[in-house]
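Visitor: Quick one: structure below, then a few questions.
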Amino acid sequence: MSTPHNTYKRKLLIAAAVLAATVSAIAQIGGGTGGGELQQKMAAVKQSAAENQQKLHNYQWTETTQLTLKGEPKPPTQSMCQYGPDGKVQKTEMGPPPEPPSGGRMKQRVIKKKKEEMKDYMGGVKSLLAMYVPPDPQRMQQAFQAGKVSLNPVGGTMNLVFKDYAQPGDQMTLTFDSAAKKISSVNVNTYMDDPKDTVTLAVQMASLPDGTNYAQQTVLDATAKKLQVTTTNSNYQQLGGH
């Protein structure tokens, strides 16, 4: 039977364990570079990403997607893009509709099935891309609070490495130009539905005349599917002709 003294002692032990876990988490957040410095750099990156995302909402642009499957390039597709009221990118396909498959009925069915499977997979690819590009300040903060961010200064830039950023086991590296206060590139190691279906993303950023930063080109490699998807964004125009 527990006495009041034993209950009090147990509560003290629990409180001590919680405190130790908290101190450990704070130490992890420090990432070896000093928690204050990491927090300061994180704040700059988050502010830059948030302001930039807001500016991008004022634009429409052309997205060109080039798919290469098993080393064979497919015809590129284009979409007109802009942010919708829900904050998500809305895409309208441009150009003529795809030609109907040739050959007999059986061959047409096989071709149609393969196209539908690839369309579904590409839908998943685009959803995956949206989790990382543009970088999300909220997800950055969650990774920071979980102690899963480290800072590696490289010359005039710095690399912020996020682990478990959008999915368990993924890693995203942001290269941030401290002088220009802009993200210059993003590199991601992640996966589709199964962790064995590994995917890498290499994103090169560029700037518009008004300073708005955007993902100029994204190269996605899905090794298991022998698929490479190159997405290029261009022809940015301010909405309303401003």
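We name chains A, B, ... following the order of the structure tokens; residues begin at 1 in each chain, and ligands are numbered from 1 as shown.
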Considering only C-alpha atoms, return as a list in words whatever protein or nucleic-acid residues lie within 7 Å of segment 123-139 of chain A, sequence-local ones (same chain, fewer than 6 positions apart) excluded.
Guide: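 The neighbour list is Lys46, Ala49, Ala50, Tyr165 and Ala166 of chain A.
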Visitor: Hey, what's within 7 Å of Asn189 of chain A if we count only C-alpha atoms and toss same-chain stuff fewer than 3 positions away? As a short mmCIF file (atom, residue, chain, number, x, y, z; two decimals) with N, CA, C and O atoms, in the first residue's frame, please?
Guide:
data_model
loop_
_atom_site.label_atom_id
_atom_site.label_comp_id
_atom_site.auth_asym_id
_atom_site.auth_seq_id
_atom_site.Cartn_x
_atom_site.Cartn_y
_atom_site.Cartn_z
N ASP A 170 12.63 11.32 -43.65
CA ASP A 170 13.09 12.15 -44.77
C ASP A 170 14.14 13.16 -44.29
O ASP A 170 14.38 13.29 -43.08
N GLN A 171 14.78 13.82 -45.23
CA GLN A 171 15.74 14.87 -44.90
C GLN A 171 15.69 15.97 -45.95
O GLN A 171 15.69 15.68 -47.14
N MET A 172 15.61 17.20 -45.48
CA MET A 172 15.60 18.35 -46.40
C MET A 172 16.73 19.29 -46.01
O MET A 172 16.88 19.64 -44.83
N VAL A 199 13.00 8.72 -53.31
CA VAL A 199 12.87 9.86 -54.22
C VAL A 199 13.84 10.94 -53.77
O VAL A 199 13.96 11.22 -52.57
N THR A 200 14.57 11.53 -54.72
CA THR A 200 15.41 12.69 -54.39
C THR A 200 14.89 13.90 -55.17
O THR A 200 14.39 13.76 -56.29
N LEU A 201 15.00 15.05 -54.54
CA LEU A 201 14.59 16.31 -55.16
C LEU A 201 15.76 17.28 -55.13
O LEU A 201 16.42 17.42 -54.10
#
Visitor: Skipping near chain neighbours, those fewer than 2 positions away, what residues fall within 12 Å of Lys41 of chain A using only C-alpha atoms, listed as JSON, numbers by chain?
Guide: {"A": [30, 33, 34, 35, 36, 37, 38, 39, 43, 44, 45, 46, 47, 48, 140, 141, 144, 149, 150, 151, 152, 153, 157, 158, 159, 160, 174, 175, 176, 177, 178, 181, 182, 183]}
Visitor: Please run DSSP on the backbone and report, as a PyMOL selection string, all residues within segment 10-239 of chain A that come out as strand (DSSP E or B).
Guide: chain A and resi 59-69+72-73+77-83+89-94+149-154+157-163+171-177+182-191+198-207+213-222+227-238
Visitor: Mind writing the picked residues with C-alpha atoms as a CSV table (one decimal), in the first residue's frame?
Guide:
chain,number,residue,atom,x,y,z
A,59,TYR,CA,1.6,35.8,-59.7
A,60,GLN,CA,0.6,33.4,-62.3
A,61,TRP,CA,3.2,31.4,-64.2
A,62,THR,CA,3.8,28.6,-66.7
A,63,GLU,CA,4.9,25.2,-65.4
A,64,THR,CA,6.6,22.8,-67.9
A,65,THR,CA,6.9,19.2,-66.9
A,66,GLN,CA,9.3,16.9,-68.7
A,67,LEU,CA,9.1,13.2,-67.8
A,68,THR,CA,11.8,10.6,-68.6
A,69,LEU,CA,10.9,7.0,-68.1
A,72,GLU,CA,13.1,7.6,-72.7
A,73,PRO,CA,11.9,11.2,-72.7
A,77,THR,CA,3.3,19.1,-70.7
A,78,GLN,CA,2.5,22.6,-69.7
A,79,SER,CA,0.1,24.1,-67.1
A,80,MET,CA,-0.9,27.7,-66.2
A,81,CYS,CA,-0.5,28.0,-62.4
A,82,GLN,CA,-1.6,30.4,-59.7
A,83,TYR,CA,-2.5,30.2,-56.0
A,89,VAL,CA,-1.6,26.1,-56.4
A,90,GLN,CA,-4.3,25.7,-59.0
A,91,LYS,CA,-3.1,24.3,-62.4
A,92,THR,CA,-4.9,24.5,-65.8
A,93,GLU,CA,-3.5,22.3,-68.5
A,94,MET,CA,-2.3,24.1,-71.7
A,149,VAL,CA,17.4,20.9,-37.3
A,150,SER,CA,21.1,21.4,-37.6
A,151,LEU,CA,23.1,24.3,-39.0
A,152,ASN,CA,26.2,24.0,-41.2
A,153,PRO,CA,27.7,27.3,-42.3
A,154,VAL,CA,29.4,27.2,-45.8
A,157,THR,CA,25.8,30.7,-47.2
A,158,MET,CA,24.5,28.2,-44.6
A,159,ASN,CA,22.9,24.8,-44.8
A,160,LEU,CA,19.9,24.1,-42.6
A,161,VAL,CA,19.3,20.3,-42.4
A,162,PHE,CA,15.8,19.2,-41.4
A,163,LYS,CA,15.1,15.6,-40.4
A,171,GLN,CA,15.7,14.9,-44.9
A,172,MET,CA,15.6,18.3,-46.4
A,173,THR,CA,18.6,20.6,-46.8
A,174,LEU,CA,18.0,24.4,-47.4
A,175,THR,CA,20.9,26.5,-48.6
A,176,PHE,CA,20.3,30.0,-47.4
A,177,ASP,CA,22.1,33.1,-48.7
A,182,LYS,CA,17.0,34.2,-49.7
A,183,ILE,CA,16.9,30.4,-50.1
A,184,SER,CA,19.1,29.6,-53.0
A,185,SER,CA,18.6,25.8,-53.3
A,186,VAL,CA,16.7,22.9,-51.7
A,187,ASN,CA,17.8,19.2,-51.7
A,188,VAL,CA,15.5,16.5,-50.4
A,189,ASN,CA,15.8,12.7,-49.7
A,190,THR,CA,12.4,11.3,-49.3
A,191,TYR,CA,10.0,8.6,-50.6
A,198,THR,CA,13.1,6.4,-52.6
A,199,VAL,CA,12.9,9.9,-54.2
A,200,THR,CA,15.4,12.7,-54.4
A,201,LEU,CA,14.6,16.3,-55.2
A,202,ALA,CA,17.0,19.0,-56.3
A,203,VAL,CA,15.5,22.5,-56.4
A,204,GLN,CA,17.3,25.5,-57.9
A,205,MET,CA,15.8,28.8,-56.9
A,206,ALA,CA,15.9,32.1,-58.8
A,207,SER,CA,14.6,35.7,-58.3
A,213,ASN,CA,12.1,34.1,-55.0
A,214,TYR,CA,10.7,31.0,-56.9
A,215,ALA,CA,11.6,27.4,-57.7
A,216,GLN,CA,13.1,27.8,-61.2
A,217,GLN,CA,13.8,24.1,-61.8
A,218,THR,CA,13.0,21.0,-59.8
A,219,VAL,CA,14.5,17.6,-60.7
A,220,LEU,CA,12.9,14.6,-59.1
A,221,ASP,CA,14.5,11.2,-59.4
A,222,ALA,CA,12.3,8.1,-58.4
A,227,LEU,CA,11.6,7.9,-63.5
A,228,GLN,CA,13.0,11.4,-63.7
A,229,VAL,CA,10.6,14.4,-63.6
A,230,THR,CA,12.0,17.9,-64.5
A,231,THR,CA,9.7,20.8,-63.6
A,232,THR,CA,10.6,24.3,-64.9
A,233,ASN,CA,8.6,27.4,-63.9
A,234,SER,CA,8.8,30.4,-66.1
A,235,ASN,CA,6.8,33.4,-67.6
A,236,TYR,CA,5.8,34.9,-64.2
A,237,GLN,CA,3.2,37.6,-64.6
A,238,GLN,CA,1.6,39.6,-61.8
Visitor: Please extract the residues of segment 22-140 of chain A with a backbone DSSP assignment of helix (DSSP H, G or I) and present them as a ChimeraX atom specification.
Guide: /A:22-30,35-56,105-132,137-140
Visitor: What separation in Å, quoted to one decimal, exists between atom CA of Gly211 of chain A and atom CA of Lys88 of chain A?
Guide: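 Pair atom CA of Gly211 of chain A / atom CA of Lys88 of chain A returns 21.7 Å.
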Visitor: Measuring between only C-alpha atoms, which one of A:Met122, A:Leu56, A:Val110, A:Met192 shows the shortest distance to Gly84 of chain A?
Guide: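 Ranking A:Met122, A:Leu56, A:Val110, A:Met192 by distance to Gly84 of chain A, first place goes to A:Leu56.
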Visitor: Can you measure atom CA of Gln53 of chain A to atom CA of Thr212 of chain A for me? One decimal in Å is fine.
Guide: 8.7 Å
Visitor: Which one is closest to Lys55 of chain A: A:Met118, A:Gln167, A:Leu208, A:Ala224? Count only C-alpha atoms.
Guide: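 Counting only C-alpha atoms, the residue closest to Lys55 of chain A is A:Leu208.
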Visitor: Counting only C-alpha atoms, figure out which residue out of A:Thr223, A:Asn52, A:Gln40, A:Asn58 gets nearest to Pro85 of chain A.
Guide: A:Asn58
Visitor: To one decimal in Å, tell me the separation between atom CA of Lys225 of chain A and atom CA of Glu117 of chain A.
Guide: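 One can read the atom CA of Lys225 of chain A to atom CA of Glu117 of chain A distance as 11.9 Å.
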